[in-house]
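Notes for the one structure printed next.
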Amino acid sequence: MEKIPILRMGEFLLVTIQVDMHDRLAMTLQDDLTNRISQTGAKGVLIDISSLEIVDSFIGRTLGNIASMSRVLDAQTVVVGMQPAVAITLVELGMSLQGVRTALNVDAGMELLRQTVNDHEEREYGSYFQ
Amino acid sequence: MAVISSETLPVVSEADIVSVRRCVRESAAKLGFSLVDQTKVVTAASELARNTLIHGRGGKWNLPLLTVRESAFG
């Protein structure tokens with residue numbers, strides 16, 4: 001069965017979507033990612049959608065679900081590389097991917113992820129180290 | 001109005017949604033739509049094809065390209 005590879009880099013998981021997303025593939029990615037987060041204890045997930053030519057309501061909802069599920073499993077999600085035409089279409093469709101953090105490119109996304117994870121850990125566990 | 005070309009695609013599986021997207025993308029590009037407009041049309045087509053599959057239990061996608069005289073808009 002076709003799958004989207006999930007790469008591990010330190011405490012982060014990286015996903016680059018480079019194929020036409022059909023619905024089952026999106027669902028498989030959602031399942032695989034949640035499993036990998038729980039197995040590896042990853043603190044962040046970076047999803048690169050720069051090759052996605054469209055994001056319709058289903059793909060948008062799936063990205064939102066992935067972000068919510070990661071959050072419940074104590075991992076932060078950042079979606080990077082959205083094409084401008086996709087951003088325009090999404091917003092005009094009335095979907096602004098609420099709850100999904102985004103960054104312009106992989107560099108900015110990794111930086112945001114590091115920051116978010118640090119802030120989160122300080123807030124959660126900061127008092128133990130004082 | 002005259003039909004330039006007409007394409008019919010089955011919509012009976014999830015892979016067909018991807019085919020519909022591709023077909024609509026090619027047609028929109030051929031007609032000279034901007035990238036943003038192509039993306040909007042393809043997104044709309046994707047939603048329609050999915051609704052056809054999930055709520056309509058499948059069907060056929062027919063995409064005729066028409067020429068319309070400009071005066072028709074005037």
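Ligands are numbered from 1 in the order shown, chains are lettered A, B, ... in the order of the structure tokens, and residues start at 1 in each chain.
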**OP:** Write out as a list in words every residue belonging to chain B that has an atom at most 8 Å from any atom of chain A, counting only C-alpha atoms.
**Re:** Glu14, Ala15, Ile17, Val18, Leu35, Val36, Thr39, Lys40, Val42, Thr43, Ala44, Ser46 and Glu47 of chain B
Residues as selected, C-alpha atoms, written as a PDB file, in the first residue's frame, can you do that?
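out_7.pdb, freshly written:
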```pdb
ATOM      1  CA  GLU B  14     -10.825   7.723  -4.370  1.00  0.00           C
ATOM      2  CA  ALA B  15      -8.201   7.524  -7.113  1.00  0.00           C
ATOM      3  CA  ILE B  17     -11.015  12.100  -7.454  1.00  0.00           C
ATOM      4  CA  VAL B  18      -7.332  12.602  -8.237  1.00  0.00           C
ATOM      5  CA  LEU B  35      -2.627  29.774 -11.326  1.00  0.00           C
ATOM      6  CA  VAL B  36      -4.915  31.068  -8.574  1.00  0.00           C
ATOM      7  CA  THR B  39      -6.354  26.196  -8.025  1.00  0.00           C
ATOM      8  CA  LYS B  40      -9.850  27.444  -7.158  1.00  0.00           C
ATOM      9  CA  VAL B  42      -9.551  22.326  -9.142  1.00  0.00           C
ATOM     10  CA  THR B  43     -10.414  22.646  -5.447  1.00  0.00           C
ATOM     11  CA  ALA B  44     -14.114  23.032  -6.303  1.00  0.00           C
ATOM     12  CA  SER B  46     -12.267  17.980  -5.898  1.00  0.00           C
ATOM     13  CA  GLU B  47     -15.081  18.787  -3.458  1.00  0.00           C
TER      14      GLU B  47
END
```
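Within the 10 Å cut-off around Ala28 (chain B), using only C-alpha atoms and omitting residues fewer than 3 positions from it on the same chain, the listed residues are Arg22, Cys23, Val24, Arg25, Leu31, Gly32, Phe33, Ser34, Leu35, Asp37, Gln38, Thr39, Val41, Val42 and Leu65 of chain B.
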Just N, CA and C atoms for this one: save the residues we selected as a compact mmCIF listing (two decimals), in the first residue's frame.
```txt
# COMPACT_ATOMS: atom_id res chain seq x y z
N ARG B 22 -6.84 16.26 -11.96
CA ARG B 22 -5.83 16.40 -13.00
C ARG B 22 -6.46 16.88 -14.30
N CYS B 23 -7.61 16.28 -14.63
CA CYS B 23 -8.31 16.63 -15.87
C CYS B 23 -8.75 18.09 -15.85
N VAL B 24 -9.32 18.52 -14.71
CA VAL B 24 -9.80 19.90 -14.60
C VAL B 24 -8.62 20.87 -14.63
N ARG B 25 -7.52 20.47 -13.99
CA ARG B 25 -6.32 21.32 -13.98
C ARG B 25 -5.82 21.54 -15.40
N LEU B 31 -7.20 26.66 -21.06
CA LEU B 31 -8.06 27.82 -21.32
C LEU B 31 -7.41 29.12 -20.86
N GLY B 32 -6.20 29.02 -20.30
CA GLY B 32 -5.48 30.23 -19.93
C GLY B 32 -5.85 30.80 -18.56
N PHE B 33 -6.43 29.99 -17.68
CA PHE B 33 -6.73 30.45 -16.33
C PHE B 33 -5.43 30.76 -15.59
N SER B 34 -5.47 31.75 -14.71
CA SER B 34 -4.28 32.05 -13.89
C SER B 34 -4.10 30.91 -12.88
N LEU B 35 -2.91 30.86 -12.27
CA LEU B 35 -2.63 29.77 -11.33
C LEU B 35 -3.63 29.77 -10.17
N ASP B 37 -6.73 30.95 -10.20
CA ASP B 37 -8.03 30.50 -10.68
C ASP B 37 -8.04 29.00 -10.96
N GLN B 38 -6.92 28.49 -11.49
CA GLN B 38 -6.81 27.04 -11.69
C GLN B 38 -7.00 26.32 -10.36
N THR B 39 -6.30 26.84 -9.34
CA THR B 39 -6.35 26.20 -8.03
C THR B 39 -7.77 26.22 -7.47
N VAL B 41 -10.64 26.39 -9.19
CA VAL B 41 -11.50 25.49 -9.96
C VAL B 41 -11.21 24.04 -9.59
N VAL B 42 -9.92 23.71 -9.46
CA VAL B 42 -9.55 22.33 -9.14
C VAL B 42 -10.05 21.96 -7.74
N LEU B 65 -15.84 21.37 -22.85
CA LEU B 65 -15.32 22.73 -22.98
C LEU B 65 -16.10 23.42 -24.09
```
**OP:** Write out as a count of residues only all residues of chain B that DSSP puts in strand (DSSP E or B) for this structure's backbone.
**Re:** 19
Subject >> Residue contacts of Arg71 (chain A) (12 Å, only C-alpha atoms) excluding same-chain residues fewer than 2 positions away, as a PyMOL selection string >> reply: chain A and resi 34+37-38+42-45+64-69+73-78+99-101+116-117+120
**OP:** Taking the DSSP assignment computed from this structure's backbone, write out as a ChimeraX atom specification all residues of chain A that belong to alpha helix (DSSP H).
**Re:** /A:23-40,57-72,84-93,106-125
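You will find CA of Leu9 (chain B) at 6.4 Å from CA of Asn62 (chain B).
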Subject >> Given only C-alpha atoms as the counted atoms, nearest of A:Ser96, A:Gln30, A:Asn105, A:Gln115 to Gly60 (chain A) >> reply: A:Ser96
**OP:** Find the residue from B:Leu63, B:Ser19, B:Lys30, B:Leu53 that sits nearest to Ser6 (chain B); use only C-alpha atoms when measuring.
**Re:**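 When distances to Ser6 (chain B) are compared using only C-alpha atoms, the smallest one comes from B:Leu63.
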**OP:** Can you work out the spacing between CA of Ile4 (chain B) and CA of Pro64 (chain B) in Å, to one decimal?
**Re:**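 We find that CA of Ile4 (chain B) and CA of Pro64 (chain B) lie 7.4 Å from each other.
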